[in-house]
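Colleague: First the structure, which I've put down as structure tokens, then a few questions once you've had a look.
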Amino acid sequence: MNIRVAGPRSWSGPWVWGFAAAALVWLVILVISGQGGGQTVSLALSLAPYLVIVGLGQMLVVTAGPGNIDVSVASVISLAGFVSVAVASATGSAAVGVLAGIGAGVLVAAVSTVAILGLSVPPIIATLAAGLVASSITLSTANGFTAVPDAGLRAALNLRPAGVPVLALAIAVLTVLVAALLRRTVYGRSLVAVGQNRRAAERAGIPVARVVAMTYLLSGALAGLTGALLAAYIAPSADLGTRYLLDSVAVVVIGGTLISGGRAVPVGVWGAALFFILLDGLVNLVGWSTAAQNLLKGGLVLFVLFLAGGGDRSGGLASLFRRRPRPAAATPTTITTTITGDDTDG
Amino acid sequence: MHVDNLPAGGAAPPGTDTGPAGPPPVVTARGVTKAYGRTRALAGVDLAVRAGEVLGLVGHNGAGKSTLMRVLAGLEPCDTGTVLVHGRQASAGDFRTVRMAYQETSLCPDLTVAENMWVSSRHCLPRVRWRRAASDAVRRRLDEMFPGHGVSPRDRVEDLSLSRRQMVEIARACLVDRLDLLILDEPTESLGPDAARSLYAYVRRLTEAGTAVLLISHRIREVLSVADRVAVLRDGAVTAERPASGLTEPDVLGLMGAHVAAPPTFGAPTAAGTIARDTVAELLGATGPGLREVTLRVGKGEVVGLAGLAGQGQQEVLERLWRPVRRDTTVGVSRAYVPGDRQRSGVLPLWSVGDNLIVTALRGIARRGLRRPAEERAVVADWVKRLSIRGGAEAGITELSGGNQQKVIVARAFASPAGLVLLDDPFRGVDVHTKTDLYGLIRQEAAKGRSVVWYSSENAEMAHCDRVYVFRAGRVVAELTGEEISEERIIGVSFAEKGEDD
């Protein structure tokens, strides 16, 4: 049983690679710039948490099974940024501002959830639509927006005793909480079951709709939190969240979470986020353009997905030599069936 | 029982070409072993299938039947030993003429019937306009094998009923240029009696043409009536190989190592005290898709059977009881469901036996949404021991044989505190021994005050019920109690109104 703190077999693998890649990139930066590596790490640790928060939400959504993805996170982050700054300056309390940001995220997610569960809209369309609603609200708010982020919160986010950002520690705690949520609570267990086999989960008495709704709302809340913190750290803007759509999916995949659902790896999100932030740093150091950066990241995601499907794909290649994959390789099969299914339907 | 419906004439096997100097073997296994993780599936199997014969293979769940099939079909390499095809060491291309129809159908659910043919038989199909060629071929083959099958090549597999999926699966296995060996893994478990009869008629035509057929089934009488020879697999090795002609069902059960207990009328339904029980669930004149004015009630601690031919509304009743959303259905207790289609609606493939077993019960064990691992472990250990599930709690669920997986799914429902357990024909493809254990379990749990509603396509199983409702065309046509419940009676009632109703 995986009730023990970590099912050792599934834990030795997937999450290591994000950290390994991060370490590799860090070494390259060290060699190229020839400057103190500690400073680079400290900087990465102060930027990565934002990506980790939104990534954790995306991870929960992806774990809910094939087809589940939240593409509204980018718009939610931008909207939550404005909302939290506006509310914070109106009430004078940064905490209320952050809560308002989270609330904005939950509201947008509620729209997606109603569309997904009530109207049976595919999640990618539902969250895209909810995201559009969010970004049009953002645009109308952004016109003539004058409030400035709370100075106290900004200072707290920049706090780095001994080079370790306080935010990174807080988000590390959050990651542990999410891991515990998945392993120790009825909700988490249900989510993982739904992701493996929705039909079986339903027959096993799991309230599938409630679990899925909860998951999207959590993702919305976490994206809202990201927006609120990010707006205080940088400044609210209409494209505050833009880069977080691709990145949030990428860190989930690179972190070892199964894209077909049923297995979540919260720690992996950290490794992958650090890797991405350091990669940004490296690419800036070398002097590549933003376009080239995105090209690189997109390629990386595809590459990792290729590797993740690799168990079965190599089986497919090997079948040229008449060797078949083991029947127990249940998950990679799901991925390939979906892919082939799409191909043939067209 | 499907066998009973087989024509007596065809049941007598030729029996002449089974001597040692018979036709040459098509596929031969020598000292084949195979292990999955910690589970040893095959421990040195020697077996030969000869051209033009039907070889029946019997054995308990977990005896290694399915694994042996996969090895003989060249789908999986063996760990040690050799597989010879036509007397030669088998290499990749040799297995082209060996085809297998799976028990858990292996069709792609999102594709149409014709597209599925392309998946498995593309080397026999033209490159252009393959869709039409595949449609023609599969339609022709289905017409040949199962007249009146009602399957269109353009149907999506997901939309087909279990029995039609099984027909397509078998037709797909036969769709090849040259067929030397056809392996049928529990082919009749989800087929109706008519379809089973047509299938065996087709098998006979195949063997007359020189094809070898390997038949795996838990229905011993069916095997004995169809096969020329019977091989018994036990603990991963062939322990007996006999001509089928002289064998009887108890002989075979004995060879399989079953405790040939008196037919399971033990723990028989308690005195027909149907009046004294409190009602826990009730349908009052339920009408809807597939149901016409069904009225039934389930008492506390009662085992209620839903019988009749397959697809007459029994599953719709289970669905109503599982989700009592309409006003004509009232259910007063919590429910648990045991699906029959375990691959699609039962197994959570990434988890271990223990995780799969506890997933329903953990809701009741948990306090304020937090799990309590120690209590969960105790429950899991208890059930693994009680049903002697092979591999133990830590084994991956997909490492287990089908019958043991089914035990886990049954245990999942009974480990929960549910007051009403719904069984959706859960014992298909489960061996006699396991079945007997599970029947006992059902009676024990009923004695503790749990109610069970049990749909089964196997009329003999209904003998374990207190009360049985027999269904026909969405209606309850009879309610049998206690002594009245018998296979003959149920079959009689299920067919009784034919002609008058149509």
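Chains: A, B, ... in order of the structure tokens. Residues: from 1 per chain. Ligands: from 1, in order shown.
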If you run DSSP on this backbone, which residues of region 272-338 of chain B come out as alpha helix (DSSP H), and could you give them as JSON, numbers by chain?

Modeller: {"B": [314, 315, 316, 317, 318, 319, 320, 321, 322]}

Colleague: Would you kindly return, as a compact mmCIF listing (two decimals) with C-alpha atoms, in the first residue's frame, each protein, DNA or RNA residue with an atom no farther than 12 Å from any atom of Val108 (chain A), considering only C-alpha atoms and excluding same-chain residues fewer than 5 positions away?

Modeller:
```txt
# COMPACT_ATOMS: atom_id res chain seq x y z
CA ASP A 70 -6.69 24.49 -16.94
CA VAL A 71 -5.77 26.97 -19.67
CA SER A 72 -7.31 29.89 -17.78
CA VAL A 73 -4.39 30.23 -15.34
CA ALA A 74 -2.66 32.99 -17.32
CA SER A 75 -5.74 35.21 -17.42
CA VAL A 76 -6.52 34.42 -13.79
CA ILE A 77 -3.05 35.54 -12.70
CA SER A 78 -3.39 38.88 -14.52
CA LEU A 79 -6.89 39.46 -13.19
CA ALA A 80 -6.01 38.45 -9.64
CA GLY A 101 -6.97 37.73 -5.53
CA ILE A 102 -7.62 34.15 -4.47
CA GLY A 103 -11.34 34.83 -4.56
CA THR A 113 -16.50 24.19 -13.42
CA VAL A 114 -20.11 24.96 -14.23
CA ALA A 115 -19.33 24.68 -17.94
CA ALA A 126 -14.38 25.62 -20.81
CA THR A 127 -11.24 27.00 -19.20
CA LEU A 128 -10.31 28.85 -22.38
CA ALA A 129 -13.72 30.56 -22.34
CA ALA A 130 -13.49 31.37 -18.64
CA GLY A 131 -10.00 32.73 -19.29
CA LEU A 132 -11.36 35.02 -22.01
CA VAL A 133 -13.98 36.36 -19.62
CA ALA A 134 -11.25 37.00 -17.06
CA SER A 135 -8.95 38.77 -19.49
CA ILE A 137 -12.39 42.11 -17.20
CA THR A 138 -8.66 42.62 -16.75
CA TYR A 216 -10.65 23.18 -10.71
CA LEU A 217 -11.55 25.48 -7.83
CA LEU A 218 -8.24 24.67 -6.13
CA SER A 219 -6.38 25.38 -9.34
CA GLY A 220 -8.21 28.70 -9.65
CA ALA A 221 -7.40 29.59 -6.05
CA LEU A 222 -3.71 28.77 -6.49
CA ALA A 223 -3.53 30.76 -9.75
CA GLY A 224 -5.24 33.64 -7.93
```

Colleague: Mind listing as a PyMOL selection string which residues of chain B are within 7 Å of chain A, counting only C-alpha atoms?

Modeller: chain B and resi 75-76+92+110+336-337+344-350+352+354-355+360+363+369-371+373+393-394+398-399

Colleague: Report, in Å with one decimal, the straight-line distance from CA of Val304 (chain A) to CA of Ala21 (chain A).

Modeller: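 Going from CA of Val304 (chain A) over to CA of Ala21 (chain A) covers 12.0 Å.
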
Colleague: Can you tell me which residues surround Ile29 (chain A) at a distance of at most 8 Å, considering only C-alpha atoms, apart from same-chain residues fewer than 6 positions away, and format the answer as a PyMOL selection string?

Modeller: chain A and resi 281-282+285

Colleague: Go ahead and save the residues from that selection, with C-alpha atoms, as a tab-separated table (two decimals), in the first residue's frame.

Modeller:
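Contents of again.tsv, as written:
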```tsv
chain	number	residue	atom	x	y	z
A	281	GLY	CA	18.67	32.98	-16.73
A	282	LEU	CA	21.05	31.02	-18.92
A	285	LEU	CA	23.00	35.33	-20.23
```

Colleague: Restricting the calculation to only C-alpha atoms, which member of A:Leu278, A:Val252, A:Val178, A:Val16 is positioned closest to Gln58 (chain A)?

Modeller: A:Val252

Colleague: So, counting only C-alpha atoms, which residue among A:Thr175, A:Thr146, A:Ser84, A:Ser33 is closest to Val265 (chain A)?

Modeller: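 Ranked by minimum distance to Val265 (chain A), first place goes to A:Thr175.
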
Colleague: Quick one: residues within 8 Å of region 246-251 of chain B, only C-alpha atoms counted, chain neighbours fewer than 2 positions away excluded, as a list in words?

Modeller: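 Residues near the query, excluding close chain neighbours: Ile220, Arg221, Leu224, Arg242, Pro243, Ala244, Leu253, Gly254, Leu255 and Val260 of chain B.
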
Colleague: Can you tell me how far CA of Gly148 (chain B) sits from CA of Arg99 (chain B), in Å to one decimal?

Modeller: 24.1 Å
